[in-house]
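Chemist: So that you have it, the file is coords_31.tsv, and it contains TSV, C-alpha atoms:
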chain	number	residue	atom	x	y	z
A	1	MET	CA	-29.45	1.89	43.10
A	2	VAL	CA	-26.90	-0.38	41.43
A	3	LEU	CA	-24.91	0.70	38.39
A	4	LEU	CA	-23.41	-1.98	36.25
A	5	ALA	CA	-20.51	-1.13	33.99
A	6	ALA	CA	-21.03	-2.30	30.47
A	7	THR	CA	-18.20	-4.27	28.94
A	8	ALA	CA	-16.83	-2.46	25.94
A	9	HIS	CA	-15.98	-4.65	22.99
A	10	ALA	CA	-13.27	-3.11	20.89
A	11	ASP	CA	-13.34	-3.53	17.15
A	12	VAL	CA	-10.09	-4.46	15.41
A	13	ASN	CA	-10.52	-1.27	13.37
A	14	ASP	CA	-10.32	0.91	16.49
A	15	PHE	CA	-6.85	2.24	15.73
A	16	LYS	CA	-5.47	4.84	13.35
A	17	ILE	CA	-2.71	5.33	10.85
A	18	SER	CA	-0.82	8.42	11.93
A	19	ASN	CA	1.53	8.51	8.95
A	20	TYR	CA	1.47	6.84	5.55
A	21	ASP	CA	4.34	7.53	3.13
A	22	ILE	CA	4.31	6.01	-0.34
A	23	SER	CA	7.31	6.20	-2.68
A	24	TYR	CA	6.91	5.04	-6.26
A	25	THR	CA	9.71	4.44	-8.73
A	26	LEU	CA	8.56	4.06	-12.33
A	27	ASN	CA	10.85	2.38	-14.83
A	28	ARG	CA	10.65	-0.04	-17.71
A	29	ASP	CA	12.21	-3.42	-18.32
A	30	GLN	CA	14.17	-4.73	-21.33
A	31	GLU	CA	10.87	-5.42	-23.11
A	32	LYS	CA	9.93	-1.72	-22.58
A	33	ARG	CA	7.07	-2.72	-20.27
A	34	SER	CA	6.40	-0.42	-17.33
A	35	VAL	CA	7.64	-1.53	-13.92
A	36	LEU	CA	6.63	0.10	-10.67
A	37	GLN	CA	8.50	-0.39	-7.42
A	38	THR	CA	6.50	0.74	-4.40
A	39	ARG	CA	7.76	1.37	-0.89
A	40	GLU	CA	5.09	2.08	1.72
A	41	VAL	CA	5.89	3.17	5.26
A	42	ILE	CA	2.77	2.82	7.39
A	43	THR	CA	2.87	4.02	11.00
A	44	ALA	CA	-0.10	2.82	13.03
A	45	GLN	CA	-1.20	3.78	16.53
A	46	PHE	CA	-2.73	0.79	18.32
A	47	PRO	CA	-4.51	0.79	21.68
A	48	MET	CA	-2.63	-0.46	24.73
A	49	HIS	CA	-5.10	-3.29	25.34
A	50	ASP	CA	-4.97	-6.61	23.50
A	51	GLN	CA	-6.89	-5.98	20.32
A	52	ASN	CA	-4.68	-6.12	17.20
A	53	ARG	CA	-1.99	-8.44	15.98
A	54	GLY	CA	-0.91	-6.23	13.07
A	55	ILE	CA	-2.41	-4.82	9.88
A	56	GLU	CA	-3.71	-5.97	6.53
A	57	ARG	CA	-2.80	-4.16	3.32
A	58	TYR	CA	-5.03	-4.75	0.29
A	59	ILE	CA	-2.99	-4.41	-2.93
A	60	PRO	CA	-4.68	-4.64	-6.33
A	61	ARG	CA	-3.44	-7.53	-8.46
A	62	SER	CA	-4.69	-6.06	-11.71
A	63	TYR	CA	-4.78	-2.78	-13.60
A	64	ASP	CA	-7.02	-1.99	-16.54
A	65	GLY	CA	-8.18	-5.61	-16.76
A	66	HIS	CA	-4.77	-7.30	-16.77
A	67	ASP	CA	-2.53	-8.87	-14.15
A	68	THR	CA	0.31	-6.70	-12.79
A	69	SER	CA	2.58	-9.58	-11.72
A	70	LEU	CA	2.55	-8.33	-8.12
A	71	GLU	CA	5.65	-9.44	-6.23
A	72	ILE	CA	6.14	-8.76	-2.52
A	73	ILE	CA	9.84	-7.96	-2.06
A	74	SER	CA	10.01	-7.18	1.65
A	75	VAL	CA	7.88	-6.65	4.75
A	76	ALA	CA	9.85	-5.09	7.58
A	77	ASP	CA	9.76	-2.66	10.48
A	78	GLU	CA	11.39	0.80	10.53
A	79	SER	CA	14.77	-0.79	11.39
A	80	GLN	CA	14.48	-3.15	8.39
A	81	ASN	CA	13.93	-6.19	10.61
A	82	GLN	CA	11.85	-8.62	8.57
A	83	LEU	CA	8.31	-9.11	9.88
A	84	GLU	CA	6.10	-12.15	9.74
A	85	TYR	CA	3.41	-11.96	7.09
A	86	THR	CA	1.09	-14.08	5.02
A	87	THR	CA	-0.83	-13.31	1.86
A	88	TYR	CA	-4.23	-14.35	0.62
A	89	SER	CA	-6.57	-13.39	-2.20
A	90	SER	CA	-9.73	-11.38	-1.63
A	91	GLY	CA	-11.55	-10.50	-4.83
A	92	GLU	CA	-9.24	-8.41	-7.01
A	93	TYR	CA	-6.71	-7.91	-4.20
A	94	THR	CA	-3.76	-9.66	-2.68
A	95	VAL	CA	-4.02	-9.06	1.05
A	96	VAL	CA	-0.75	-8.82	2.96
A	97	ARG	CA	-1.48	-9.74	6.58
A	98	ILE	CA	1.42	-8.48	8.70
A	99	GLY	CA	1.89	-9.75	12.22
A	100	ASN	CA	2.13	-12.81	14.41
A	101	ALA	CA	-1.15	-14.57	15.13
A	102	ASN	CA	0.05	-15.28	18.69
A	103	ARG	CA	1.22	-11.77	19.61
A	104	TYR	CA	-0.66	-8.50	20.09
A	105	VAL	CA	0.80	-5.16	19.08
A	106	HIS	CA	0.44	-2.01	21.18
A	107	GLY	CA	1.25	1.66	20.72
A	108	GLU	CA	3.15	2.90	17.68
A	109	GLN	CA	4.14	0.29	15.09
A	110	THR	CA	5.78	0.97	11.72
A	111	TYR	CA	5.44	-1.35	8.74
A	112	VAL	CA	7.57	-1.02	5.60
A	113	LEU	CA	6.28	-2.85	2.54
A	114	THR	CA	8.22	-3.05	-0.71
A	115	TYR	CA	6.71	-4.60	-3.81
A	116	THR	CA	6.82	-4.45	-7.61
A	117	GLN	CA	4.20	-4.52	-10.32
A	118	ARG	CA	4.41	-4.60	-14.14
A	119	ASP	CA	2.34	-3.09	-16.91
A	120	VAL	CA	1.14	-0.19	-14.77
A	121	THR	CA	0.78	2.39	-17.54
A	122	LYS	CA	-2.03	2.69	-20.03
A	123	SER	CA	-2.36	4.07	-23.55
A	124	PHE	CA	-5.21	6.55	-23.72
A	125	SER	CA	-6.65	7.18	-27.18
A	126	ASP	CA	-7.93	10.65	-26.25
A	127	THR	CA	-4.44	11.90	-25.30
A	128	LYS	CA	-2.55	9.66	-27.73
A	129	SER	CA	0.00	8.92	-25.04
A	130	ASP	CA	0.83	6.45	-22.33
A	131	GLU	CA	-0.15	7.57	-18.87
A	132	PHE	CA	0.62	6.52	-15.33
A	133	TYR	CA	-2.75	6.81	-13.62
A	134	TRP	CA	-2.64	5.24	-10.17
A	135	ASP	CA	-4.78	4.98	-7.05
A	136	THR	CA	-2.25	5.54	-4.27
A	137	ASN	CA	-3.50	4.28	-0.92
A	138	GLY	CA	-6.52	2.33	-2.10
A	139	THR	CA	-10.10	2.30	-0.91
A	140	GLU	CA	-10.14	-0.67	1.47
A	141	TRP	CA	-8.88	1.05	4.64
A	142	ARG	CA	-11.42	0.98	7.46
A	143	VAL	CA	-9.34	3.18	9.75
A	144	PRO	CA	-8.54	6.90	9.58
A	145	ILE	CA	-5.29	8.05	8.00
A	146	ASP	CA	-4.02	11.28	9.60
A	147	ARG	CA	-1.26	12.05	7.09
A	148	LEU	CA	-0.61	10.67	3.62
A	149	SER	CA	2.34	11.62	1.41
A	150	VAL	CA	3.15	10.28	-2.04
A	151	SER	CA	6.22	10.73	-4.21
A	152	LEU	CA	6.99	9.52	-7.71
A	153	THR	CA	10.46	9.07	-9.17
A	154	VAL	CA	10.68	8.46	-12.91
A	155	TYR	CA	13.85	6.80	-14.18
A	156	GLU	CA	15.95	8.83	-16.55
A	157	SER	CA	15.40	6.21	-19.29
A	158	LEU	CA	11.77	7.39	-19.40
A	159	SER	CA	12.53	11.10	-19.39
A	160	GLU	CA	12.34	11.48	-23.17
A	161	ALA	CA	8.77	10.14	-23.06
A	162	LEU	CA	7.59	12.68	-20.46
A	163	THR	CA	5.47	15.67	-21.33
A	164	ASP	CA	4.92	18.82	-19.32
A	165	GLN	CA	1.35	17.73	-18.56
A	166	HIS	CA	1.19	16.58	-14.94
A	167	SER	CA	-1.93	16.11	-12.81
A	168	CYS	CA	-2.72	14.80	-9.38
A	169	PHE	CA	-6.23	14.14	-8.12
A	170	PHE	CA	-7.61	13.33	-4.70
A	171	GLY	CA	-10.96	12.50	-3.27
In structure tokens, write the structure found in this file.
Modeler:
Amino acid sequence: MVLLAATAHADVNDFKISNYDISYTLNRDQEKRSVLQTREVITAQFPMHDQNRGIERYIPRSYDGHDTSLEIISVADESQNQLEYTTYSSGEYTVVRIGNANRYVHGEQTYVLTYTQRDVTKSFSDTKSDEFYWDTNGTEWRVPIDRLSVSLTVYESLSEALTDQHSCFFG
């Protein structure tokens, strides 16, 4: 009897995100338009064999039917060393592809993305107020996320507009 070992073909989505921290800072500009600065720290666990060259982060370019003027400020590692990245459009998203096409990544890798968007609040007629209603980590991830944390800082200049009605939803 002869047993032949099957060759396993790894999928580029055979890794996980062990930690995903998102920090939002909500402010407004001189025109009183909402401005959101986002800092995402994504820690991924890659296999030790040559499979992945980095990650892709899908970021929506629009909110409520209008452009958010997405601007990528920085793409770095945990030590703030700038990382190679490219961007491309895919439907309603700007995709940030982080990594070097000629180099594989292995083990734990941390990616720190910083970007801004404008006009991220919406006036709701039923509440008669402006609301910040945001999808945090998106729906395009094809890998498991073990831990997700999100924080929101609201600039003092907006404090007079805040109410005591706060909600957070997940699902």
Chemist: Please check which residues have atoms at most 12 Å from (-1.4, 3.3, -8.0) in the file's coordinates, counting only C-alpha atoms, and write them as a ChimeraX atom specification.
Modeler: /A:22-26,35-40,59-64,68,116-121,131-139,150-152,168-169
Chemist: With distances taken over only C-alpha atoms, which residue among A:Met48, A:Ile17, A:Val41, A:Ile72 lies nearest A:Gly107?
Modeler: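 Going through A:Met48, A:Ile17, A:Val41, A:Ile72 one by one, the smallest distance to A:Gly107 is for A:Met48.
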Chemist: Between atom CA of A:Leu148 and atom CA of A:Asn19, what is the distance in Å, rounded to a tenth?
Modeler: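 It comes out at 6.1 Å.
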Chemist: Rank nothing, just name the residue among A:Asp164, A:Ser159, A:Gln45, A:Leu113 nearest to A:Asn81, using all atoms listed in the file.
Modeler: A:Leu113
Chemist: Set out as JSON lines a contact list for stretch 26-77 of chain A and stretch 100-104 of chain A with a cut-off of 9 Å, giving each residue of stretch 26-77 of chain A that qualifies its closest atom pair and distance in Å to one decimal, counting all atoms listed in the file, ordered by chain and rising residue number.
Modeler:
{"residue": "A:His49", "atom": "CA", "partner": "A:Tyr104", "partner_atom": "CA", "distance": 8.6}
{"residue": "A:Asp50", "atom": "CA", "partner": "A:Tyr104", "partner_atom": "CA", "distance": 5.8}
{"residue": "A:Gln51", "atom": "CA", "partner": "A:Tyr104", "partner_atom": "CA", "distance": 6.7}
{"residue": "A:Asn52", "atom": "CA", "partner": "A:Tyr104", "partner_atom": "CA", "distance": 5.5}
{"residue": "A:Arg53", "atom": "CA", "partner": "A:Tyr104", "partner_atom": "CA", "distance": 4.3}
{"residue": "A:Gly54", "atom": "CA", "partner": "A:Asn100", "partner_atom": "CA", "distance": 7.4}
Chemist: Go through A:Arg142, A:Lys122, A:His106, A:Lys128 and flag the residue nearest A:Arg57, using all atoms listed in the file for the distances.
Modeler: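 Ranking A:Arg142, A:Lys122, A:His106, A:Lys128 by distance to A:Arg57, first place goes to A:Arg142.
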Chemist: Taking only C-alpha atoms into account, name the residue in A:Ser74, A:Ser18, A:Thr163, A:Ser69 that is nearest to A:Thr114.
Modeler: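 Result for the nearest residue to A:Thr114: A:Ser74.
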Chemist: Using all atoms listed in the file, which residue out of A:Thr127, A:Glu78, A:Tyr58, A:Gly65 lies closest to A:Val95?
Modeler: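 Smallest distance to A:Val95 is found for A:Tyr58.
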Chemist: Here is a test: counting all atoms listed in the file, which residue of A:Asp126, A:Asp21, A:Glu31, A:Glu84 is nearest to A:Asp146?
Modeler: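 Closest to A:Asp146, using all atoms listed in the file: A:Asp21.
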Chemist: Within 10 Å of (-10.6, -4.5, 9.7) (file coordinates; only C-alpha atoms), which protein or nucleic acid residues are there? I'd like them as JSON, numbers by chain.
Modeler: {"A": [11, 12, 13, 14, 15, 52, 55, 56, 140, 141, 142, 143]}
